[in-house]
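Asks: Sharing final.pdb (PDB, C-alpha atoms, pLDDT in the B column) below.
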ATOM      1  CA  MET A   1       0.000   0.000   0.000  1.00 31.00           C
ATOM      2  CA  PHE A   2       2.860   2.391   0.747  1.00 31.00           C
ATOM      3  CA  VAL A   3       4.432   1.818  -2.667  1.00 35.00           C
ATOM      4  CA  LYS A   4       1.107   2.356  -4.426  1.00 38.00           C
ATOM      5  CA  ASN A   5       0.342   5.655  -2.664  1.00 40.00           C
ATOM      6  CA  ARG A   6       3.737   7.163  -1.926  1.00 40.00           C
ATOM      7  CA  PHE A   7       3.508   9.822  -4.663  1.00 42.00           C
ATOM      8  CA  TRP A   8       0.027  11.186  -3.999  1.00 43.00           C
ATOM      9  CA  GLY A   9       1.154  13.981  -1.682  1.00 50.00           C
ATOM     10  CA  TRP A  10       4.411  14.618  -3.502  1.00 51.00           C
ATOM     11  CA  PHE A  11       3.479  17.677  -5.512  1.00 59.00           C
ATOM     12  CA  PHE A  12       2.345  20.332  -3.054  1.00 60.00           C
ATOM     13  CA  SER A  13       4.230  18.874  -0.125  1.00 54.00           C
ATOM     14  CA  ALA A  14       7.424  19.364  -2.117  1.00 51.00           C
ATOM     15  CA  LEU A  15       6.390  22.921  -2.930  1.00 51.00           C
ATOM     16  CA  LEU A  16       5.576  23.880   0.632  1.00 48.00           C
ATOM     17  CA  LEU A  17       8.661  22.265   2.134  1.00 42.00           C
ATOM     18  CA  CYS A  18      10.954  23.941  -0.382  1.00 43.00           C
ATOM     19  CA  SER A  19       9.299  27.365  -0.355  1.00 41.00           C
ATOM     20  CA  GLY A  20      12.406  28.968   1.123  1.00 42.00           C
ATOM     21  CA  LEU A  21      14.149  28.498  -2.219  1.00 42.00           C
ATOM     22  CA  ALA A  22      11.812  30.888  -4.054  1.00 39.00           C
ATOM     23  CA  TYR A  23      13.433  34.293  -4.155  1.00 46.00           C
ATOM     24  CA  ALA A  24      12.988  36.366  -7.297  1.00 47.00           C
ATOM     25  CA  HIS A  25      10.442  34.260  -9.171  1.00 57.00           C
ATOM     26  CA  PRO A  26       7.878  31.492  -8.671  1.00 71.00           C
ATOM     27  CA  HIS A  27       8.877  27.872  -9.141  1.00 79.00           C
ATOM     28  CA  LEU A  28       5.356  26.856 -10.142  1.00 85.00           C
ATOM     29  CA  ARG A  29       2.876  28.791 -12.237  1.00 88.00           C
ATOM     30  CA  LEU A  30      -0.867  28.218 -12.037  1.00 92.00           C
ATOM     31  CA  ALA A  31      -3.043  29.759 -14.755  1.00 93.00           C
ATOM     32  CA  TYR A  32      -6.487  30.443 -13.324  1.00 94.00           C
ATOM     33  CA  GLN A  33      -9.999  31.094 -14.537  1.00 94.00           C
ATOM     34  CA  ILE A  34     -13.007  31.907 -12.384  1.00 95.00           C
ATOM     35  CA  GLN A  35     -16.691  31.210 -12.950  1.00 95.00           C
ATOM     36  CA  PRO A  36     -19.051  33.206 -10.695  1.00 95.00           C
ATOM     37  CA  LEU A  37     -21.833  31.172  -9.076  1.00 95.00           C
ATOM     38  CA  MET A  38     -25.224  32.817  -8.630  1.00 93.00           C
ATOM     39  CA  ALA A  39     -28.130  31.847  -6.366  1.00 91.00           C
ATOM     40  CA  ASN A  40     -31.444  33.712  -6.291  1.00 91.00           C
ATOM     41  CA  GLY A  41     -29.882  36.702  -8.008  1.00 90.00           C
ATOM     42  CA  ALA A  42     -26.987  36.998  -5.556  1.00 94.00           C
ATOM     43  CA  LEU A  43     -23.324  36.122  -5.928  1.00 95.00           C
ATOM     44  CA  SER A  44     -22.904  32.957  -3.865  1.00 96.00           C
ATOM     45  CA  GLY A  45     -19.368  31.905  -4.755  1.00 97.00           C
ATOM     46  CA  PHE A  46     -17.025  30.862  -7.521  1.00 97.00           C
ATOM     47  CA  HIS A  47     -15.817  27.833  -9.411  1.00 96.00           C
ATOM     48  CA  VAL A  48     -12.023  28.079  -9.648  1.00 97.00           C
ATOM     49  CA  SER A  49      -9.836  26.269 -12.162  1.00 96.00           C
ATOM     50  CA  TRP A  50      -6.043  26.123 -11.946  1.00 95.00           C
ATOM     51  CA  GLN A  51      -3.937  24.874 -14.854  1.00 94.00           C
ATOM     52  CA  MET A  52      -0.418  23.784 -13.932  1.00 92.00           C
ATOM     53  CA  ASP A  53       2.442  24.900 -16.131  1.00 91.00           C
ATOM     54  CA  ALA A  54       3.821  22.395 -18.636  1.00 90.00           C
ATOM     55  CA  PRO A  55       6.940  21.265 -16.695  1.00 89.00           C
ATOM     56  CA  SER A  56       4.936  20.728 -13.496  1.00 89.00           C
ATOM     57  CA  SER A  57       2.195  18.881 -15.371  1.00 90.00           C
ATOM     58  CA  LEU A  58       4.815  16.582 -16.846  1.00 88.00           C
ATOM     59  CA  GLN A  59       6.275  15.851 -13.419  1.00 87.00           C
ATOM     60  CA  VAL A  60       2.838  15.099 -12.017  1.00 88.00           C
ATOM     61  CA  ARG A  61       1.989  12.876 -14.983  1.00 87.00           C
ATOM     62  CA  GLU A  62       5.164  10.848 -14.488  1.00 85.00           C
ATOM     63  CA  ASN A  63       4.647  10.467 -10.739  1.00 86.00           C
ATOM     64  CA  ILE A  64       0.956   9.613 -10.393  1.00 88.00           C
ATOM     65  CA  ASP A  65       0.564   7.242 -13.344  1.00 85.00           C
ATOM     66  CA  LEU A  66       1.287   4.350 -11.030  1.00 86.00           C
ATOM     67  CA  ASN A  67      -0.095   1.623 -13.288  1.00 88.00           C
ATOM     68  CA  GLN A  68       2.170   2.889 -16.093  1.00 85.00           C
ATOM     69  CA  ASN A  69      -0.542   2.837 -18.757  1.00 89.00           C
ATOM     70  CA  SER A  70       0.347   6.368 -20.015  1.00 86.00           C
ATOM     71  CA  VAL A  71      -3.118   7.567 -18.970  1.00 87.00           C
ATOM     72  CA  LEU A  72      -4.115   9.438 -15.830  1.00 90.00           C
ATOM     73  CA  ASP A  73      -7.060   7.334 -14.711  1.00 90.00           C
ATOM     74  CA  PRO A  74      -9.931   8.874 -12.692  1.00 93.00           C
ATOM     75  CA  ASP A  75      -8.895   7.072  -9.513  1.00 91.00           C
ATOM     76  CA  GLU A  76      -5.297   8.313  -9.857  1.00 90.00           C
ATOM     77  CA  LEU A  77      -6.437  11.901 -10.369  1.00 93.00           C
ATOM     78  CA  GLN A  78      -8.902  11.762  -7.485  1.00 92.00           C
ATOM     79  CA  ALA A  79      -6.336  10.309  -5.098  1.00 90.00           C
ATOM     80  CA  PHE A  80      -3.868  13.003  -6.184  1.00 91.00           C
ATOM     81  CA  ALA A  81      -6.443  15.711  -5.446  1.00 92.00           C
ATOM     82  CA  GLU A  82      -7.473  14.227  -2.104  1.00 91.00           C
ATOM     83  CA  SER A  83      -3.888  14.020  -0.894  1.00 89.00           C
ATOM     84  CA  ASN A  84      -3.028  17.605  -1.861  1.00 90.00           C
ATOM     85  CA  SER A  85      -6.185  19.364  -0.736  1.00 92.00           C
ATOM     86  CA  PRO A  86      -5.319  19.111   3.002  1.00 91.00           C
ATOM     87  CA  LEU A  87      -1.926  20.688   2.285  1.00 87.00           C
ATOM     88  CA  MET A  88      -3.653  23.786   0.878  1.00 90.00           C
ATOM     89  CA  GLN A  89      -6.194  24.168   3.677  1.00 92.00           C
ATOM     90  CA  PRO A  90      -3.827  26.032   6.065  1.00 90.00           C
ATOM     91  CA  TYR A  91      -3.257  28.513   3.216  1.00 89.00           C
ATOM     92  CA  ASN A  92      -7.006  28.884   2.490  1.00 93.00           C
ATOM     93  CA  TYR A  93      -6.272  27.526  -0.971  1.00 94.00           C
ATOM     94  CA  PHE A  94      -4.123  30.623  -1.613  1.00 92.00           C
ATOM     95  CA  LEU A  95      -7.337  32.643  -1.876  1.00 94.00           C
ATOM     96  CA  THR A  96      -8.713  35.708  -0.100  1.00 93.00           C
ATOM     97  CA  ILE A  97     -12.103  37.235  -0.887  1.00 96.00           C
ATOM     98  CA  GLU A  98     -13.339  40.668   0.164  1.00 95.00           C
ATOM     99  CA  ASP A  99     -16.604  42.547  -0.213  1.00 95.00           C
ATOM    100  CA  GLY A 100     -16.164  44.666  -3.337  1.00 91.00           C
ATOM    101  CA  LYS A 101     -17.844  47.660  -1.699  1.00 90.00           C
ATOM    102  CA  SER A 102     -16.614  47.662   1.902  1.00 93.00           C
ATOM    103  CA  ALA A 103     -13.373  45.637   1.480  1.00 91.00           C
ATOM    104  CA  ALA A 104     -14.460  43.533   4.468  1.00 95.00           C
ATOM    105  CA  PRO A 105     -13.065  39.967   4.385  1.00 95.00           C
ATOM    106  CA  LEU A 106     -15.587  37.296   3.418  1.00 97.00           C
ATOM    107  CA  ALA A 107     -15.671  33.823   4.908  1.00 97.00           C
ATOM    108  CA  PHE A 108     -15.938  30.915   2.497  1.00 97.00           C
ATOM    109  CA  GLU A 109     -15.737  27.145   2.263  1.00 97.00           C
ATOM    110  CA  VAL A 110     -14.097  25.027  -0.431  1.00 97.00           C
ATOM    111  CA  SER A 111     -15.757  21.889  -1.776  1.00 96.00           C
ATOM    112  CA  ASN A 112     -15.589  19.515  -4.742  1.00 96.00           C
ATOM    113  CA  PHE A 113     -11.795  19.723  -4.929  1.00 96.00           C
ATOM    114  CA  SER A 114     -10.673  17.556  -7.838  1.00 95.00           C
ATOM    115  CA  ALA A 115      -7.938  17.055 -10.425  1.00 94.00           C
ATOM    116  CA  ARG A 116      -8.402  16.461 -14.133  1.00 93.00           C
ATOM    117  CA  ASP A 117      -6.170  15.758 -17.087  1.00 92.00           C
ATOM    118  CA  GLY A 118      -6.468  18.263 -19.917  1.00 90.00           C
ATOM    119  CA  GLY A 119      -4.300  16.185 -22.232  1.00 85.00           C
ATOM    120  CA  ARG A 120      -0.985  17.069 -23.809  1.00 80.00           C
ATOM    121  CA  GLY A 121      -2.052  19.873 -26.153  1.00 72.00           C
ATOM    122  CA  PHE A 122      -1.609  23.637 -25.846  1.00 70.00           C
ATOM    123  CA  GLN A 123      -4.419  23.970 -23.317  1.00 74.00           C
ATOM    124  CA  GLY A 124      -3.592  20.608 -21.796  1.00 82.00           C
ATOM    125  CA  GLY A 125      -1.840  19.720 -18.598  1.00 90.00           C
ATOM    126  CA  VAL A 126      -3.061  18.800 -15.132  1.00 93.00           C
ATOM    127  CA  TYR A 127      -5.768  20.934 -13.560  1.00 94.00           C
ATOM    128  CA  PHE A 128      -7.018  21.458 -10.022  1.00 95.00           C
ATOM    129  CA  GLU A 129     -10.636  22.617  -9.772  1.00 97.00           C
ATOM    130  CA  PHE A 130     -12.869  23.465  -6.821  1.00 97.00           C
ATOM    131  CA  ASP A 131     -15.972  25.353  -5.723  1.00 98.00           C
ATOM    132  CA  VAL A 132     -15.857  28.282  -3.315  1.00 98.00           C
ATOM    133  CA  LYS A 133     -19.067  28.979  -1.377  1.00 98.00           C
ATOM    134  CA  LEU A 134     -19.456  32.305   0.412  1.00 98.00           C
ATOM    135  CA  SER A 135     -20.924  32.071   3.900  1.00 96.00           C
ATOM    136  CA  GLN A 136     -23.285  34.927   2.996  1.00 94.00           C
ATOM    137  CA  PRO A 137     -24.209  35.647  -0.656  1.00 95.00           C
ATOM    138  CA  LEU A 138     -23.500  39.189  -1.869  1.00 94.00           C
ATOM    139  CA  SER A 139     -26.670  40.949  -2.979  1.00 92.00           C
ATOM    140  CA  HIS A 140     -24.713  43.747  -4.686  1.00 93.00           C
ATOM    141  CA  ASN A 141     -22.703  41.075  -6.495  1.00 94.00           C
ATOM    142  CA  GLN A 142     -19.248  42.616  -6.374  1.00 94.00           C
ATOM    143  CA  ALA A 143     -16.323  40.801  -4.806  1.00 96.00           C
ATOM    144  CA  GLN A 144     -12.580  41.351  -4.757  1.00 94.00           C
ATOM    145  CA  LEU A 145     -10.332  38.307  -4.924  1.00 95.00           C
ATOM    146  CA  GLN A 146      -6.648  37.702  -4.577  1.00 90.00           C
ATOM    147  CA  MET A 147      -4.846  34.463  -5.360  1.00 89.00           C
ATOM    148  CA  GLN A 148      -1.414  34.618  -3.775  1.00 85.00           C
ATOM    149  CA  ASP A 149       0.988  32.147  -2.210  1.00 83.00           C
ATOM    150  CA  PRO A 150       2.404  33.904   0.883  1.00 76.00           C
ATOM    151  CA  THR A 151       5.707  32.074   0.407  1.00 75.00           C
ATOM    152  CA  TRP A 152       5.926  33.402  -3.204  1.00 74.00           C
ATOM    153  CA  TYR A 153       6.698  29.878  -4.376  1.00 80.00           C
ATOM    154  CA  ILE A 154       3.620  29.733  -6.617  1.00 85.00           C
ATOM    155  CA  GLY A 155       2.777  32.401  -9.188  1.00 85.00           C
ATOM    156  CA  PHE A 156      -0.773  32.975 -10.442  1.00 89.00           C
ATOM    157  CA  MET A 157      -1.920  34.522 -13.733  1.00 88.00           C
ATOM    158  CA  PRO A 158      -5.152  34.582 -15.766  1.00 91.00           C
ATOM    159  CA  ARG A 159      -5.392  31.776 -18.283  1.00 91.00           C
ATOM    160  CA  MET A 160      -5.056  33.189 -21.797  1.00 87.00           C
ATOM    161  CA  GLY A 161      -5.428  36.646 -20.252  1.00 85.00           C
ATOM    162  CA  GLN A 162      -9.081  35.992 -19.379  1.00 89.00           C
ATOM    163  CA  VAL A 163     -10.120  36.055 -15.719  1.00 92.00           C
ATOM    164  CA  LEU A 164     -13.648  34.746 -16.273  1.00 93.00           C
ATOM    165  CA  ALA A 165     -14.130  31.254 -17.642  1.00 87.00           C
ATOM    166  CA  ALA A 166     -17.140  32.012 -19.855  1.00 78.00           C
ATOM    167  CA  GLU A 167     -19.244  34.860 -21.140  1.00 67.00           C
ATOM    168  CA  SER A 168     -21.953  35.892 -18.718  1.00 70.00           C
ATOM    169  CA  GLU A 169     -23.571  38.946 -17.197  1.00 80.00           C
ATOM    170  CA  CYS A 170     -20.472  39.214 -15.003  1.00 91.00           C
ATOM    171  CA  ASN A 171     -17.302  41.080 -15.872  1.00 92.00           C
ATOM    172  CA  SER A 172     -13.931  41.445 -14.242  1.00 92.00           C
ATOM    173  CA  ASN A 173     -11.030  43.808 -13.810  1.00 90.00           C
ATOM    174  CA  PHE A 174      -7.772  43.501 -11.953  1.00 83.00           C
ATOM    175  CA  THR A 175      -4.958  45.615 -10.631  1.00 84.00           C
ATOM    176  CA  ARG A 176      -1.356  44.504 -10.745  1.00 80.00           C
ATOM    177  CA  GLU A 177       0.883  45.747  -7.985  1.00 78.00           C
ATOM    178  CA  LYS A 178       4.613  45.269  -7.463  1.00 77.00           C
ATOM    179  CA  ARG A 179       5.733  44.791  -3.883  1.00 73.00           C
ATOM    180  CA  GLN A 180       9.235  44.688  -2.483  1.00 74.00           C
ATOM    181  CA  THR A 181       9.383  41.865   0.052  1.00 68.00           C
ATOM    182  CA  PRO A 182      11.989  41.590   2.834  1.00 70.00           C
ATOM    183  CA  THR A 183      13.483  38.298   1.637  1.00 68.00           C
ATOM    184  CA  GLN A 184      11.864  37.353  -1.684  1.00 66.00           C
ATOM    185  CA  GLY A 185      12.716  40.387  -3.806  1.00 72.00           C
ATOM    186  CA  GLU A 186      10.131  42.196  -5.911  1.00 74.00           C
ATOM    187  CA  GLN A 187       6.899  40.251  -6.399  1.00 71.00           C
ATOM    188  CA  GLU A 188       3.640  40.919  -8.207  1.00 74.00           C
ATOM    189  CA  VAL A 189       0.237  40.866  -6.512  1.00 77.00           C
ATOM    190  CA  GLN A 190      -3.025  40.827  -8.461  1.00 81.00           C
ATOM    191  CA  ARG A 191      -6.334  42.042  -7.059  1.00 87.00           C
ATOM    192  CA  ILE A 192      -9.285  40.777  -9.071  1.00 92.00           C
ATOM    193  CA  VAL A 193     -12.685  42.471  -8.984  1.00 93.00           C
ATOM    194  CA  VAL A 194     -15.705  40.522 -10.221  1.00 94.00           C
ATOM    195  CA  GLN A 195     -18.973  42.389 -10.805  1.00 94.00           C
ATOM    196  CA  CYS A 196     -22.136  40.464 -11.647  1.00 91.00           C
ATOM    197  CA  ALA A 197     -24.754  43.232 -11.670  1.00 74.00           C
ATOM    198  CA  LYS A 198     -26.081  43.495 -15.228  1.00 61.00           C
ATOM    199  CA  GLY A 199     -24.798  46.548 -17.060  1.00 53.00           C
ATOM    200  CA  SER A 200     -22.242  47.442 -14.374  1.00 59.00           C
ATOM    201  CA  ALA A 201     -18.496  47.485 -14.740  1.00 65.00           C
ATOM    202  CA  ALA A 202     -16.029  46.131 -12.228  1.00 68.00           C
ATOM    203  CA  GLN A 203     -14.067  48.961 -10.672  1.00 61.00           C
ATOM    204  CA  PRO A 204     -10.993  47.817  -8.774  1.00 58.00           C
ATOM    205  CA  SER A 205      -9.624  49.957  -5.992  1.00 50.00           C
ATOM    206  CA  ALA A 206      -5.956  50.270  -6.882  1.00 41.00           C
ATOM    207  CA  GLN A 207      -3.680  49.304  -4.007  1.00 41.00           C
ATOM    208  CA  VAL A 208      -0.818  51.741  -4.508  1.00 33.00           C
ATOM    209  CA  SER A 209       2.555  50.381  -3.515  1.00 34.00           C
ATOM    210  CA  PRO A 210       5.250  52.758  -2.234  1.00 34.00           C
ATOM    211  CA  PHE A 211       7.625  51.041  -4.653  1.00 33.00           C
ATOM    212  CA  ASN A 212       5.636  50.845  -7.892  1.00 33.00           C
ATOM    213  CA  GLU A 213       2.421  52.245  -9.274  1.00 34.00           C
ATOM    214  CA  PRO A 214      -0.117  49.573 -10.231  1.00 32.00           C
ATOM    215  CA  ASN A 215      -0.999  48.815 -13.838  1.00 34.00           C
ATOM    216  CA  ASN A 216      -4.709  48.394 -14.521  1.00 36.00           C
ATOM    217  CA  GLY A 217      -5.860  45.731 -16.955  1.00 38.00           C
ATOM    218  CA  VAL A 218      -9.347  44.871 -18.105  1.00 41.00           C
ATOM    219  CA  ASN A 219     -10.418  41.262 -18.451  1.00 46.00           C
ATOM    220  CA  SER A 220     -13.857  39.887 -19.098  1.00 43.00           C
TER     221      SER A 220
END
Starting from the file, lay out its structure as structure tokens.

Replies:
Amino acid sequence: MFVKNRFWGWFFSALLLCSGLAYAHPHLRLAYQIQPLMANGALSGFHVSWQMDAPSSLQVRENIDLNQNSVLDPDELQAFAESNSPLMQPYNYFLTIEDGKSAAPLAFEVSNFSARDGGRGFQGGVYFEFDVKLSQPLSHNQAQLQMQDPTWYIGFMPRMGQVLAAESECNSNFTREKRQTPTQGEQEVQRIVVQCAKGSAAQPSAQVSPFNEPNNGVNS
């Protein structure tokens, strides 16, 4: 049993244990897309999809294909997800969510954490996906999100430059900010604003760094 399961927790455990090595740049890149979830006209949460970069996907593919059939079977992917999810829980899945109007932090729960294989093509690779449920839905439907690894070992960026996964009544905007950290050098932080009120535009509140002015980008 040990031999069969010894690689399931390898990926993120290796990242978290070696986070002290990440100085000027991330060692893993996750390309994200977000799908807002609505309930009774209110923003109730998000479905989040992370695509691992090609080198990391290759490493995962080589390590979790334990039956050596060159296919990531559903049970292999599920076991991989289940072993890594607890490692992300202390970091709140690298996610913070705030009320888009008051900037108050919002409590949330993560469910349906899974892994899938996107194949070996351009948009392929190994994905992590999960649902985020807000404790209290937002009636004004504007939330501010940040995906950031506090150790700076993992870097996040919108997949194909698009924050939202599909066209909808929602739109998004984000602010990039450069921060000088005490030990990790200069790092980029993204603040993502999602607005789901029909006809409204997301308006991020730029977090001005004393080191660099933020660059605003529009994504929908």

Asks: What lies within 7 Å of region 48-61 of chain A using all atoms listed in the file, ignoring chain neighbours under 4 positions off, as a PyMOL selection string?

Replies: chain A and resi 28-35+65+125-131

Asks: Write the residues of the selection above to a file with C-alpha atoms, as a PDB file, keeping the file's coordinate frame.

Replies:
ATOM      1  CA  LEU A  28       5.356  26.856 -10.142  1.00 85.00           C
ATOM      2  CA  ARG A  29       2.876  28.791 -12.237  1.00 88.00           C
ATOM      3  CA  LEU A  30      -0.867  28.218 -12.037  1.00 92.00           C
ATOM      4  CA  ALA A  31      -3.043  29.759 -14.755  1.00 93.00           C
ATOM      5  CA  TYR A  32      -6.487  30.443 -13.324  1.00 94.00           C
ATOM      6  CA  GLN A  33      -9.999  31.094 -14.537  1.00 94.00           C
ATOM      7  CA  ILE A  34     -13.007  31.907 -12.384  1.00 95.00           C
ATOM      8  CA  GLN A  35     -16.691  31.210 -12.950  1.00 95.00           C
ATOM      9  CA  ASP A  65       0.564   7.242 -13.344  1.00 85.00           C
ATOM     10  CA  GLY A 125      -1.840  19.720 -18.598  1.00 90.00           C
ATOM     11  CA  VAL A 126      -3.061  18.800 -15.132  1.00 93.00           C
ATOM     12  CA  TYR A 127      -5.768  20.934 -13.560  1.00 94.00           C
ATOM     13  CA  PHE A 128      -7.018  21.458 -10.022  1.00 95.00           C
ATOM     14  CA  GLU A 129     -10.636  22.617  -9.772  1.00 97.00           C
ATOM     15  CA  PHE A 130     -12.869  23.465  -6.821  1.00 97.00           C
ATOM     16  CA  ASP A 131     -15.972  25.353  -5.723  1.00 98.00           C
TER      17      ASP A 131
END

Asks: Would you kindly translate the PyMOL selection byres ((chain A and resi 36-41) around 8) into the concrete residues it picks from this file, as a list in words?

Replies: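 Selection result, ordered by chain and number: Ile34, Gln35, Ala42, Leu43, Ser44, Gly45, Phe46, His47, Pro137, Ser139, Leu164, Cys170 and Cys196 of chain A.
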
Asks: Pick the closest to Gly124 (chain A) from A:Arg159, A:Glu169, A:His27, A:Pro182: which is it, counting all atoms listed in the file?

Replies: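 Between A:Arg159, A:Glu169, A:His27, A:Pro182, the residue approaching Gly124 (chain A) most closely is A:Arg159.
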
Asks: Please enumerate the residues selected by the PyMOL selection byres ((chain A and resi 91) around 12) when evaluated against the supplied file, formatted as an MDAnalysis selection string.

Replies: chainID A and resid 12 16 85:90 92:96 110 147:151

Asks: Once the PyMOL selection byres ((chain A and resi 71-75) around 12) has been evaluated on this model, what residues remain selected, and can you format them as a PyMOL selection string?

Replies: chain A and resi 5+8+57-58+60-70+76-82+114-120+125-127

Asks: By how many Å are CA of Val132 (chain A) and CA of Glu188 (chain A) apart?

Replies: 23.7 Å

Asks: Nearest residue to Val163 (chain A) out of A:Gly121, A:Gln146, A:Ala197, A:Ala107, using all atoms listed in the file?

Replies: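 For Val163 (chain A), the nearest of the given residues is A:Gln146.
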
Asks: Measure the distance from CA of Leu138 (chain A) to CA of Asp99 (chain A) in Å and round it to one decimal.

Replies: 7.8 Å

Asks: Quick one: pull the distance between CA of Trp152 (chain A) and CA of Val194 (chain A), Å, one decimal.

Replies: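 CA of Trp152 (chain A) sits 23.8 Å away from CA of Val194 (chain A).
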
Asks: When distances are computed from only C-alpha atoms, which of A:Gln195, A:Pro158, A:Tyr153, A:Glu177 shows the smallest separation from Gly100 (chain A)?

Replies: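 Among the listed residues, the smallest separation from Gly100 (chain A) belongs to A:Gln195.
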
Asks: Looking at A:Gln123, A:Gln180, A:Ser168, A:Asn173, which one is nearest to Ala143 (chain A), with distances taken over all atoms listed in the file?

Replies: A:Asn173

Asks: Name the closest residue to Ile154 (chain A) among the candidates A:Ser102, A:Ser111, A:Gln187, A:His140; distances are taken between atoms, counting all atoms listed in the file.

Replies: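 Closest candidate: A:Gln187.
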
Asks: For Gln142 (chain A), which of A:Arg191, A:Ser83, A:Gly185, A:Asn171 is the closest residue, counting only C-alpha atoms?

Replies: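 Selected residue with least distance to Gln142 (chain A): A:Asn171.
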